[in-house]
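Novice: Quick one, my_file.txt (compact mmCIF, C-alpha atoms):
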```
# COMPACT_ATOMS: atom_id res chain seq x y z
CA MET R 1 0.00 0.00 0.00
CA GLN R 2 1.26 3.50 -0.87
CA ALA R 3 1.95 5.77 2.09
CA ASP R 4 3.68 8.80 0.60
CA GLY R 5 2.17 12.28 0.82
CA PRO R 6 -1.43 13.33 1.31
CA GLU R 7 -2.67 10.95 -1.39
CA ARG R 8 -1.99 7.86 0.73
CA VAL R 9 -4.41 5.05 -0.10
CA TRP R 10 -6.52 4.25 2.96
CA ALA R 11 -9.13 1.85 1.61
CA GLN R 12 -10.41 0.08 -1.47
CA CYS R 13 -13.88 0.84 -2.87
CA GLY R 14 -14.48 -1.87 -5.45
CA GLU R 15 -11.60 -1.53 -7.90
CA HIS R 16 -10.80 2.06 -6.89
CA ALA R 17 -8.45 3.27 -4.18
CA VAL R 18 -9.82 5.75 -1.65
CA THR R 19 -7.65 8.37 0.05
CA ARG R 20 -8.12 9.82 3.53
CA ASP R 21 -9.40 13.11 2.10
CA GLN R 22 -12.02 11.22 0.13
CA LEU R 23 -13.03 9.23 3.20
CA THR R 24 -13.35 12.44 5.21
CA SER R 25 -15.66 13.96 2.59
CA MET R 26 -17.96 10.90 2.61
CA THR R 27 -21.12 10.73 4.71
CA LYS R 28 -21.37 8.22 7.51
CA VAL R 29 -23.92 6.25 5.48
CA ASP R 30 -21.37 5.86 2.67
CA LEU R 31 -18.62 5.01 5.13
CA MET R 32 -20.84 2.36 6.71
CA ALA R 33 -21.55 0.85 3.29
CA LEU R 34 -17.83 0.72 2.56
CA ALA R 35 -17.14 -0.85 5.97
CA ARG R 36 -19.85 -3.44 5.33
CA GLU R 37 -18.32 -4.22 1.93
CA GLN R 38 -14.95 -4.83 3.59
CA GLU R 39 -16.59 -6.80 6.43
CA LEU R 40 -14.97 -4.48 8.96
CA ALA R 41 -15.48 -5.88 12.45
CA GLY R 42 -16.97 -3.58 15.07
CA ARG R 43 -18.32 -1.10 12.51
CA SER R 44 -21.77 -0.90 14.11
CA THR R 45 -20.35 0.79 17.23
CA MET R 46 -18.16 3.34 15.43
CA ASN R 47 -18.76 7.02 14.88
CA LYS R 48 -17.65 8.72 11.67
CA ALA R 49 -14.12 9.48 12.87
CA ALA R 50 -13.61 5.90 14.03
CA LEU R 51 -14.84 4.57 10.70
CA ILE R 52 -12.32 6.71 8.82
CA GLU R 53 -9.50 5.44 11.03
CA ALA R 54 -10.66 1.81 10.89
CA LEU R 55 -10.95 1.79 7.12
CA GLY R 56 -7.23 2.50 6.94
CA THR R 57 -5.03 -0.61 6.78
CA ASP R 58 -1.38 -1.07 7.43
CA GLU R 59 0.97 -2.79 5.00
CA SER R 60 0.12 -6.19 6.41
CA GLY R 61 -3.51 -5.59 5.56
CA SER R 62 -4.79 -5.72 9.13
CA ASN R 63 -7.32 -3.23 10.48
CA THR R 64 -5.78 -0.45 12.59
CA ALA R 65 -8.73 0.54 14.75
CA VAL R 66 -10.89 -2.52 15.18
CA THR R 67 -9.65 -3.59 18.58
CA GLU R 68 -10.21 -0.23 20.20
CA THR R 69 -13.70 0.06 18.78
CA GLU R 70 -14.67 -3.49 19.65
CA THR R 71 -13.72 -2.92 23.26
CA ALA R 72 -15.93 0.15 23.34
CA GLY R 73 -18.79 -2.15 22.48
CA GLY R 74 -22.46 -1.20 22.65
CA ILE R 75 -25.82 -2.47 23.76
CA THR R 76 -26.57 -5.71 21.96
CA ILE R 77 -30.26 -6.42 21.51
CA PRO R 78 -31.04 -10.13 21.01
CA GLY R 79 -32.35 -10.72 17.51
CA ILE R 80 -30.97 -7.43 16.15
CA ALA R 81 -28.07 -7.88 13.72
CA PRO R 82 -25.06 -5.52 13.85
CA GLU R 83 -25.93 -4.38 10.33
CA ASP R 84 -29.38 -3.34 11.54
CA ARG R 85 -27.86 -1.36 14.39
CA ALA R 86 -25.54 0.41 11.97
CA GLU R 87 -28.42 1.22 9.66
CA ALA R 88 -30.44 2.54 12.60
CA ARG R 89 -27.64 4.91 13.54
CA ALA R 90 -27.28 6.08 9.97
CA ARG R 91 -31.03 6.70 9.69
CA ARG R 92 -31.06 8.63 12.95
CA GLU R 93 -28.17 10.81 11.83
CA ALA R 94 -29.86 11.44 8.48
CA LEU R 95 -33.03 12.46 10.33
CA ASN R 96 -31.16 14.95 12.51
CA GLU R 97 -29.45 16.43 9.45
CA ARG R 98 -32.83 16.94 7.79
CA LEU R 99 -34.49 18.37 10.91
CA ALA R 100 -31.61 20.82 11.42
CA GLY R 101 -32.69 22.54 8.20
CA PHE R 102 -35.88 23.79 9.86
CA VAL R 103 -34.02 25.74 12.57
CA ASP R 104 -31.45 28.56 12.36
CA THR R 105 -29.14 27.89 15.29
CA ALA R 106 -27.16 31.08 14.60
CA VAL R 107 -30.07 33.32 15.66
CA HIS R 108 -31.94 33.16 18.96
CA CYS R 109 -35.59 33.83 19.66
CA VAL R 110 -36.53 37.44 20.49
CA TRP R 111 -39.11 36.39 23.07
CA THR R 112 -38.37 37.20 26.73
CA THR R 113 -40.09 36.41 30.03
CA THR R 114 -41.87 39.09 32.05
CA GLU R 115 -38.72 39.27 34.17
CA GLY R 116 -36.64 39.96 31.07
CA HIS R 117 -34.98 36.54 30.75
CA PRO R 118 -34.28 35.58 27.12
CA CYS R 119 -35.80 32.49 25.56
CA GLY R 120 -32.44 31.06 24.46
CA LEU R 121 -33.85 28.75 21.78
CA PRO R 122 -32.92 29.09 18.09
CA ILE R 123 -35.49 30.48 15.69
CA VAL R 124 -37.51 28.56 13.13
CA VAL R 125 -36.20 29.35 9.65
CA GLY R 126 -38.06 32.29 8.11
CA THR R 127 -39.32 33.69 11.43
CA SER R 128 -37.96 35.70 14.33
CA ARG R 129 -39.09 33.27 17.03
CA CYS R 130 -38.59 29.69 18.15
CA GLY R 131 -41.20 26.98 17.84
CA LEU R 132 -42.43 27.47 21.41
CA HIS R 133 -43.12 31.18 21.08
CA GLY R 134 -44.03 31.43 17.42
CA ASP R 135 -47.32 31.30 15.54
CA GLY R 136 -48.57 28.08 17.13
CA SER R 137 -47.71 25.88 14.15
CA ILE R 138 -45.72 23.63 16.49
CA ALA R 139 -49.06 22.02 17.42
CA ASP R 140 -49.03 20.54 13.91
CA ARG R 141 -45.41 20.64 12.76
CA ALA R 142 -43.04 18.63 14.92
CA ILE R 143 -39.90 20.72 14.53
CA PRO R 144 -37.29 20.04 17.26
CA LEU R 145 -36.90 23.17 19.35
CA THR R 146 -33.10 23.06 19.30
CA GLY R 147 -32.85 21.65 15.77
CA LYS R 148 -31.97 18.11 16.82
CA LEU R 149 -33.25 15.14 18.78
CA SER R 150 -30.55 14.62 21.38
CA PHE R 151 -30.11 14.27 25.11
CA SER R 152 -27.81 17.28 24.88
CA ALA R 153 -30.93 19.36 24.11
CA TRP R 154 -32.80 18.21 27.22
CA PRO R 155 -31.36 20.81 29.67
CA SER R 156 -32.76 23.60 27.49
CA LEU R 157 -36.09 21.81 27.27
CA TRP R 158 -36.25 21.22 31.04
CA ARG R 159 -35.57 24.90 31.60
CA HIS R 160 -38.70 25.87 29.69
CA ILE R 161 -40.76 23.24 31.49
CA SER R 162 -39.60 24.46 34.90
CA LEU R 163 -40.16 28.13 34.02
CA ALA R 164 -43.51 27.41 32.33
CA THR R 165 -42.65 29.75 29.48
CA TYR R 166 -45.20 28.35 27.03
CA ASP R 167 -48.79 27.14 26.75
CA ILE R 168 -50.14 23.72 25.84
CA ASP R 169 -52.73 23.55 23.09
CA ALA R 170 -56.49 23.13 23.52
CA PHE R 171 -56.21 19.33 23.41
CA GLY R 172 -53.40 19.01 25.95
CA LEU R 173 -50.36 18.77 23.67
CA ASP R 174 -47.15 19.80 25.43
CA PRO R 175 -44.58 20.29 22.63
CA VAL R 176 -41.61 19.95 24.97
CA VAL R 177 -42.78 16.68 26.52
CA ALA R 178 -43.80 15.46 23.05
CA GLU R 179 -40.30 16.15 21.72
CA MET R 180 -38.70 14.22 24.57
CA ALA R 181 -41.04 11.29 23.96
CA TRP R 182 -40.23 11.44 20.23
CA HIS R 183 -36.52 11.21 20.99
CA VAL R 184 -36.89 8.28 23.41
CA LEU R 185 -39.39 6.31 21.32
CA ASN R 186 -37.15 6.56 18.27
CA THR R 187 -35.08 3.84 19.95
CA LEU R 188 -38.01 1.51 19.40
CA TYR R 189 -38.63 2.89 15.93
CA PHE R 190 -35.08 2.71 14.55
CA ASP R 191 -33.26 0.15 16.70
CA TYR R 192 -35.80 -2.36 18.00
CA PHE R 193 -38.66 -2.53 15.50
CA ARG R 194 -36.54 -1.22 12.56
CA VAL R 195 -39.61 0.30 10.95
CA GLU R 196 -39.66 0.49 7.15
CA VAL R 197 -42.06 2.97 5.56
CA GLU R 198 -43.63 3.17 2.11
CA GLY R 199 -45.91 5.73 0.54
CA VAL R 200 -45.39 8.50 3.10
CA GLU R 201 -45.77 10.96 0.22
CA ASN R 202 -49.51 10.13 0.34
CA VAL R 203 -49.75 11.98 3.65
CA PRO R 204 -50.63 15.64 2.95
CA MET R 205 -48.13 18.21 4.14
CA ASP R 206 -50.82 20.68 5.17
CA GLY R 207 -54.49 20.51 6.11
CA GLY R 208 -56.48 17.82 7.85
CA ALA R 209 -56.57 14.12 6.98
CA VAL R 210 -57.80 10.91 8.63
CA LEU R 211 -55.21 8.13 8.85
CA VAL R 212 -57.04 4.80 9.20
CA ALA R 213 -54.97 1.76 10.19
CA ASN R 214 -55.33 -1.85 11.28
CA HIS R 215 -54.96 -2.41 15.01
CA GLY R 216 -52.85 -4.69 17.20
CA GLY R 217 -50.61 -4.71 20.24
CA ALA R 218 -52.38 -6.77 22.93
CA ALA R 219 -50.67 -4.81 25.72
CA LEU R 220 -49.68 -1.30 24.65
CA PRO R 221 -50.56 0.87 21.63
CA TYR R 222 -47.26 0.38 19.84
CA ASP R 223 -48.98 0.86 16.48
CA ALA R 224 -50.23 4.31 17.45
CA ALA R 225 -46.70 5.35 18.46
CA MET R 226 -45.04 3.90 15.34
CA LEU R 227 -47.66 5.48 13.07
CA SER R 228 -46.98 8.90 14.59
CA LEU R 229 -43.22 8.43 14.44
CA ALA R 230 -43.37 7.28 10.81
CA VAL R 231 -44.87 10.62 9.74
CA MET R 232 -42.53 12.68 11.91
CA ASN R 233 -39.41 10.76 10.91
CA GLU R 234 -40.04 10.09 7.24
CA ALA R 235 -42.33 12.79 5.81
CA ARG R 236 -40.86 15.80 4.01
CA ILE R 237 -42.34 18.01 6.73
CA PRO R 238 -42.54 16.35 10.17
CA ARG R 239 -46.23 16.57 11.13
CA ARG R 240 -47.90 15.32 14.29
CA VAL R 241 -50.53 12.58 14.09
CA ARG R 242 -53.16 13.18 16.77
CA VAL R 243 -54.12 9.60 17.58
CA ILE R 244 -57.54 8.88 19.04
CA GLY R 245 -57.10 6.62 22.08
CA THR R 246 -59.42 4.29 23.94
CA GLU R 247 -61.00 5.48 27.16
CA ILE R 248 -58.70 3.61 29.52
CA PHE R 249 -55.68 5.71 28.52
CA ASN R 250 -57.59 8.78 29.62
CA MET R 251 -58.60 7.26 32.97
CA LEU R 252 -55.31 6.02 34.42
CA PRO R 253 -53.44 8.40 36.75
CA VAL R 254 -50.25 9.84 35.24
CA VAL R 255 -50.80 7.89 32.00
CA SER R 256 -53.79 10.04 31.05
CA HIS R 257 -51.77 13.27 31.46
CA LEU R 258 -48.76 11.92 29.57
CA TYR R 259 -51.00 10.53 26.83
CA ARG R 260 -52.46 13.98 26.17
CA LYS R 261 -49.12 15.75 26.49
CA VAL R 262 -47.50 13.70 23.72
CA GLY R 263 -50.32 14.61 21.33
CA ALA R 264 -53.02 11.95 21.62
CA ALA R 265 -56.70 12.92 21.77
CA TYR R 266 -59.74 11.67 23.64
CA ALA R 267 -62.12 9.36 21.79
CA ALA R 268 -64.84 11.98 21.39
CA ARG R 269 -66.43 12.98 18.10
CA ALA R 270 -66.34 16.69 19.00
CA ASP R 271 -62.58 16.57 19.65
CA ALA R 272 -61.91 14.64 16.46
CA ARG R 273 -63.99 17.05 14.37
CA GLU R 274 -62.26 20.08 15.86
CA LEU R 275 -58.81 18.61 15.22
CA LEU R 276 -59.67 18.10 11.55
CA ASN R 277 -61.22 21.55 11.27
CA ARG R 278 -57.97 23.01 12.60
CA GLY R 279 -56.02 21.18 9.90
CA HIS R 280 -54.43 18.40 11.98
CA LEU R 281 -53.71 14.80 11.02
CA LEU R 282 -56.04 12.45 12.87
CA GLY R 283 -55.00 8.83 13.50
CA VAL R 284 -57.77 6.29 14.11
CA PHE R 285 -57.92 2.52 14.61
CA PRO R 286 -61.59 1.72 13.92
CA GLU R 287 -61.22 -1.97 14.76
CA GLY R 288 -61.14 -0.75 18.33
CA GLU R 289 -60.72 -3.03 21.29
CA ARG R 290 -61.52 -6.15 19.25
CA GLY R 291 -58.58 -5.46 16.97
CA PHE R 292 -56.32 -4.59 19.89
CA MET R 293 -57.12 -7.92 21.60
CA LYS R 294 -56.94 -10.01 18.42
CA PRO R 295 -55.60 -13.58 19.00
CA VAL R 296 -52.47 -14.57 17.12
CA TRP R 297 -54.32 -16.90 14.74
CA GLU R 298 -56.35 -13.91 13.50
CA ALA R 299 -53.35 -11.62 13.03
CA TYR R 300 -53.60 -9.31 10.02
CA ARG R 301 -57.21 -10.21 9.32
CA VAL R 302 -58.79 -6.77 9.37
CA GLY R 303 -62.15 -6.79 11.12
CA ARG R 304 -65.07 -4.48 10.71
CA LEU R 305 -64.04 -0.83 10.97
CA GLY R 306 -66.71 0.13 13.46
CA ARG R 307 -69.77 1.83 12.02
CA GLY R 308 -67.82 4.02 9.66
CA GLY R 309 -67.82 7.07 11.90
CA PHE R 310 -64.39 8.11 10.59
CA ALA R 311 -65.83 8.26 7.06
CA GLU R 312 -68.55 10.66 8.17
CA LEU R 313 -66.01 12.86 9.97
CA ALA R 314 -63.82 12.98 6.88
CA GLU R 315 -66.79 13.94 4.70
CA GLU R 316 -68.05 16.62 7.09
CA THR R 317 -64.63 18.27 7.38
CA SER R 318 -63.69 17.79 3.69
CA SER R 319 -60.66 15.72 4.72
CA PRO R 320 -59.11 12.85 2.75
CA ILE R 321 -58.87 9.37 4.25
CA ILE R 322 -55.39 7.80 4.15
CA PRO R 323 -55.60 4.00 4.61
CA VAL R 324 -52.53 2.63 6.42
CA ALA R 325 -51.37 -0.99 6.51
CA ILE R 326 -49.13 -1.90 9.45
CA ILE R 327 -47.13 -5.12 9.69
CA GLY R 328 -45.56 -5.91 13.07
CA SER R 329 -48.05 -4.61 15.60
CA GLU R 330 -50.05 -7.84 15.72
CA GLU R 331 -47.00 -10.01 16.49
CA VAL R 332 -45.13 -8.12 19.21
CA HIS R 333 -47.26 -9.79 21.90
CA PRO R 334 -48.69 -13.05 20.49
CA THR R 335 -52.09 -13.47 22.13
CA VAL R 336 -52.85 -17.09 23.03
CA MET R 337 -56.27 -16.48 24.55
CA VAL R 338 -58.68 -13.78 25.67
CA SER R 339 -60.40 -13.57 29.04
CA LYS R 340 -63.85 -12.11 29.73
CA LYS R 341 -63.30 -12.44 33.49
CA LEU R 342 -60.33 -10.08 33.38
CA ALA R 343 -62.42 -7.69 31.33
CA ARG R 344 -65.13 -7.69 34.00
CA LEU R 345 -62.46 -6.94 36.61
CA VAL R 346 -61.25 -3.97 34.55
CA ARG R 347 -64.81 -2.66 34.25
CA MET R 348 -65.18 -2.81 38.03
CA PHE R 349 -62.44 -0.19 38.38
CA PHE R 350 -63.18 1.64 35.11
CA PRO R 351 -66.95 1.45 34.52
CA ASP R 352 -66.77 3.67 31.43
CA GLN R 353 -64.31 1.35 29.69
CA ARG R 354 -66.05 -0.66 26.97
CA VAL R 355 -63.58 -3.57 26.97
CA GLU R 356 -65.29 -6.96 26.70
CA GLU R 357 -62.22 -9.20 26.57
CA ILE R 358 -58.62 -8.93 27.77
CA ALA R 359 -55.81 -10.51 25.77
CA ILE R 360 -53.39 -12.87 27.49
CA ALA R 361 -50.01 -12.81 25.74
CA LEU R 362 -47.05 -15.17 25.92
CA ASN R 363 -44.42 -12.52 26.54
CA PRO R 364 -44.30 -9.45 28.80
CA ILE R 365 -41.57 -7.87 26.64
CA PRO R 366 -42.40 -7.09 23.00
CA LEU R 367 -40.69 -9.25 20.41
CA PRO R 368 -38.18 -7.48 18.11
CA ILE R 369 -40.41 -7.84 15.07
CA ARG R 370 -39.37 -5.93 11.96
CA TRP R 371 -42.20 -3.50 11.17
CA SER R 372 -43.47 -2.24 7.82
CA ILE R 373 -45.89 0.65 7.40
CA ARG R 374 -47.48 1.44 4.06
CA PHE R 375 -49.48 4.61 3.47
CA LEU R 376 -51.98 4.00 0.68
CA PRO R 377 -53.34 6.57 -1.80
CA PRO R 378 -55.89 8.96 -0.28
CA VAL R 379 -59.64 8.44 -0.53
CA MET R 380 -61.05 11.88 -1.28
CA PRO R 381 -64.46 12.96 0.08
CA SER R 382 -67.25 12.48 -2.45
CA LYS R 383 -69.41 15.35 -1.15
CA PRO R 384 -67.17 17.65 0.91
CA GLY R 385 -68.94 19.32 3.79
CA HIS R 386 -71.96 17.03 3.69
CA HIS R 387 -73.18 14.23 5.92
CA LEU R 388 -73.04 10.59 4.88
CA ASP R 389 -76.03 8.41 5.60
CA ALA R 390 -75.52 5.16 7.53
CA LEU R 391 -75.32 3.00 4.40
CA ASP R 392 -72.76 5.25 2.72
CA GLN R 393 -70.66 5.24 5.89
CA LEU R 394 -70.58 1.45 5.98
CA GLU R 395 -69.76 1.23 2.28
CA ARG R 396 -66.92 3.73 2.59
CA ALA R 397 -65.58 1.91 5.67
CA GLU R 398 -65.70 -1.42 3.85
CA ASP R 399 -63.81 0.02 0.88
CA VAL R 400 -61.10 1.27 3.24
CA ARG R 401 -61.02 -2.05 5.10
CA ARG R 402 -60.61 -3.95 1.85
CA SER R 403 -57.76 -1.74 0.65
CA ILE R 404 -55.91 -2.20 3.95
CA GLN R 405 -56.46 -5.97 3.84
CA ASN R 406 -55.17 -6.21 0.27
CA ALA R 407 -52.07 -4.22 1.20
CA LEU R 408 -51.43 -6.42 4.25
CA ASP R 409 -51.75 -9.58 2.16
CA GLU R 410 -49.28 -8.22 -0.38
CA MET R 411 -46.80 -7.11 2.27
CA LEU R 412 -46.96 -10.47 4.05
CA SER R 413 -46.37 -12.33 0.79
CA GLU R 414 -43.23 -10.25 0.18
CA ARG R 415 -41.86 -10.59 3.73
CA ARG R 416 -39.00 -13.06 4.10
CA THR R 417 -38.84 -13.13 7.89
CA ALA R 418 -40.65 -11.54 10.80
CA PHE R 419 -37.30 -10.61 12.38
```
Take the structure in the file and give it back as structure tokens.
Specialist:
Amino acid sequence: MQADGPERVWAQCGEHAVTRDQLTSMTKVDLMALAREQELAGRSTMNKAALIEALGTDESGSNTAVTETETAGGITIPGIAPEDRAEARARREALNERLAGFVDTAVHCVWTTTEGHPCGLPIVVGTSRCGLHGDGSIADRAIPLTGKLSFSAWPSLWRHISLATYDIDAFGLDPVVAEMAWHVLNTLYFDYFRVEVEGVENVPMDGGAVLVANHGGAALPYDAAMLSLAVMNEARIPRRVRVIGTEIFNMLPVVSHLYRKVGAAYAARADARELLNRGHLLGVFPEGERGFMKPVWEAYRVGRLGRGGFAELAEETSSPIIPVAIIGSEEVHPTVMVSKKLARLVRMFFPDQRVEEIAIALNPIPLPIRWSIRFLPPVMPSKPGHHLDALDQLERAEDVRRSIQNALDEMLSERRTAF
């Protein structure tokens, strides 16, 4: 290997030699691909600088930085391949690079407290204020307040929580708490469930829309979280999905407050209509509790989508319906049986809860299933601003159910492994 001057060859990319300067100018995604091609050990735990060093080889052809990186190690999740972990890191870095474009970190918000203390947060591009103290669009657009999703941003966020420098919206959304939850839950999204998304361009970038998806989970609403994260992480403009939750999440102490703070909404027609009228994305799972408690042998068989209430809401508010097919949610907690006795016990403590059966799963910890989410083409309202009669609602709901089922069948036929 040549080692003279600045043009020293550090790695081979196919048939071409790569110099250090070329490696330095490459993105981490490209470096990771090159490391994978060379089967570089320990690559999944390396940052960009370590990758550049490790891709260099001495004259004997041995790696120069593998040992140090391997000893640094990382958290190994059973069932998650090192290549998946590397891809998750690359996707997260790409997300932060994209989100940074919405914030101008060189200029700080002009807002001050009544005591004269400055806000301290960077401004949203094209404005003179940060997301917290701007025009209120943060209730719909999930733009990180500091320009990145990182624990290093948390002290600034905690400062605004402790000083109460902002207001929550009419439905309980706390943008600071929601951003923290987004950051933490991305570990599930990128690293554990390794969510793959198709058709996100079908989600409108402004105005209201109803996202209708198949339901699963058995224990926790993972599908609601992953649906919301898919739009925030993958869409051209990160928008919030205001998911309609079952009653029990609004009855439990602490959980009910957190559920509202991260952006979910109560299962009330008036709230749902108002969210759409204000131009928000509304996420619904019309299979309801029956879909949530679906036994494993009925996984991915989409049941009746309620009475079609979501179709009437979409028509009244002139909002498109976006069918969404989700693979993964119905396998994270395989349900072996359902119990009506447990459901009666739940209703003793929560009389307003409509649950009729409680799922009994094999595992308390969710399985590391690889998820796929496909956003289907929108179903536009036929008579915007008008009411649908009961028959039209059922027909529209059945059309949506059928499109989701067809997409699920196609996705399952293409899937090679659940993990």
Novice: Enumerate, as an MDAnalysis selection string, the protein, DNA and RNA residues whose atoms approach (-36.1, -3.2, 19.0) to within 9 Å, taking into account only C-alpha atoms and the coordinate frame of the file.
Specialist: chainID R and resid 77:80 187:194 366:370
Novice: Taking all atoms listed in the file into account, which of R:Ser228, R:Thr335, R:Asn277, R:Gln405 comes nearest Gly303 of chain R?
Specialist: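 Counting all atoms listed in the file, the residue closest to Gly303 of chain R is R:Gln405.
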Novice: I need the residue nearest Arg141 of chain R from this list: R:Arg236, R:His183, R:Arg290, R:Arg269. Use all atoms listed in the file for the distance.
Specialist: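 Between R:Arg236, R:His183, R:Arg290, R:Arg269, the residue approaching Arg141 of chain R most closely is R:Arg236.
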Novice: Work out how far apart atom CA of Tyr300 of chain R and atom CA of Leu408 of chain R are and give it in Å to one decimal.
Specialist: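 Separation between atom CA of Tyr300 of chain R and atom CA of Leu408 of chain R: 6.8 Å.
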Novice: With a distance cut-off of 9 Å and all atoms listed in the file, select the neighbouring residues of Gly207 of chain R, excluding the residue or stretch itself and same-chain residues fewer than 4 positions from it, and output the selection as a PyMOL selection string.
Specialist: chain R and resi 276-281+319
Novice: Fewer than 4 positions away in the same chain doesn't count, so skip those; otherwise give me all residues within 7 Å of Ala265 of chain R, counting only C-alpha atoms, as an mmCIF file with C-alpha atoms, in the frame of the given file.
Specialist:
```
data_model
loop_
_atom_site.group_PDB
_atom_site.id
_atom_site.type_symbol
_atom_site.label_atom_id
_atom_site.label_comp_id
_atom_site.auth_asym_id
_atom_site.auth_seq_id
_atom_site.Cartn_x
_atom_site.Cartn_y
_atom_site.Cartn_z
ATOM 1 C CA PHE R 171 -56.210 19.330 23.410
ATOM 2 C CA ARG R 242 -53.160 13.180 16.770
ATOM 3 C CA VAL R 243 -54.120 9.600 17.580
ATOM 4 C CA ILE R 244 -57.540 8.880 19.040
ATOM 5 C CA GLY R 245 -57.100 6.620 22.080
ATOM 6 C CA ARG R 260 -52.460 13.980 26.170
#
```
Novice: Could you name the residues that touch Ile365 of chain R at 10 Å or less, counting all atoms listed in the file, but leaving out those on the same chain fewer than 2 positions away, as a PyMOL selection string?
Specialist: chain R and resi 219+332-333+361-363+367-368
Novice: Name the closest residue to Glu287 of chain R among the candidates R:Val336, R:Glu398, R:Pro204, R:Ser256; distances are taken between atoms, counting all atoms listed in the file.
Specialist: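 Of R:Val336, R:Glu398, R:Pro204, R:Ser256, the one nearest Glu287 of chain R is R:Glu398, counting all atoms listed in the file.
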Novice: Between atom CA of Asp389 of chain R and atom CA of Thr246 of chain R, measure the distance and give it in Å to one decimal.
Specialist: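 One can read the atom CA of Asp389 of chain R to atom CA of Thr246 of chain R distance as 25.1 Å.
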Novice: Which value, in Å to one decimal, gives the distance between atom CA of Ala225 of chain R and atom CA of Met32 of chain R?
Specialist: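 So the answer is 28.6 Å.
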Novice: I'd like the neighbourhood of Glu179 of chain R as a PDB file with C-alpha atoms, keeping the file's coordinate frame, where a residue qualifies if any of its atoms comes within 9 Å (using all atoms listed in the file), though same-chain residues fewer than 5 positions away should be ignored.
Specialist:
```pdb
ATOM      1  CA  ALA R 142     -43.040  18.630  14.920  1.00  0.00           C
ATOM      2  CA  ILE R 143     -39.900  20.720  14.530  1.00  0.00           C
ATOM      3  CA  PRO R 144     -37.290  20.040  17.260  1.00  0.00           C
ATOM      4  CA  LEU R 145     -36.900  23.170  19.350  1.00  0.00           C
ATOM      5  CA  LEU R 149     -33.250  15.140  18.780  1.00  0.00           C
ATOM      6  CA  LEU R 157     -36.090  21.810  27.270  1.00  0.00           C
ATOM      7  CA  ASP R 174     -47.150  19.800  25.430  1.00  0.00           C
ATOM      8  CA  VAL R 184     -36.890   8.280  23.410  1.00  0.00           C
ATOM      9  CA  VAL R 262     -47.500  13.700  23.720  1.00  0.00           C
TER      10      VAL R 262
END
```
Novice: From the list R:Gly288, R:Gly328, R:Pro82, R:Gly101, which residue is nearest Leu305 of chain R when using all atoms listed in the file?
Specialist: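 Distance minimum relative to Leu305 of chain R lands on R:Gly288.
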Novice: Under the rule that only C-alpha atoms are counted, which of R:His215, R:Ala170, R:Asn186, R:Phe285 is the nearest residue to Asp271 of chain R?
Specialist: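 Nearest to Asp271 of chain R: R:Ala170.
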Novice: In terms of the shortest atom-to-atom distance over all atoms listed in the file, which of R:Pro155, R:Pro378, R:Gly263, R:Gly283 is closest to Leu173 of chain R?
Specialist: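 Among the listed residues, the smallest separation from Leu173 of chain R belongs to R:Gly263.
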Novice: Can you tell me, as JSON, numbers by chain, which residues sit within 8 Å of (-31.9, 19.0, 13.1) in the file's frame, using all atoms listed in the file?
Specialist: {"R": [95, 96, 97, 98, 99, 100, 101, 102, 103, 144, 146, 147, 148, 149]}
Novice: Can you pull out every residue within 8 Å of Ala407 of chain R, counting all atoms listed in the file, but drop anything in the same chain fewer than 3 positions away, and send it as an MDAnalysis selection string?
Specialist: chainID R and resid 325 374 403:404 410:411
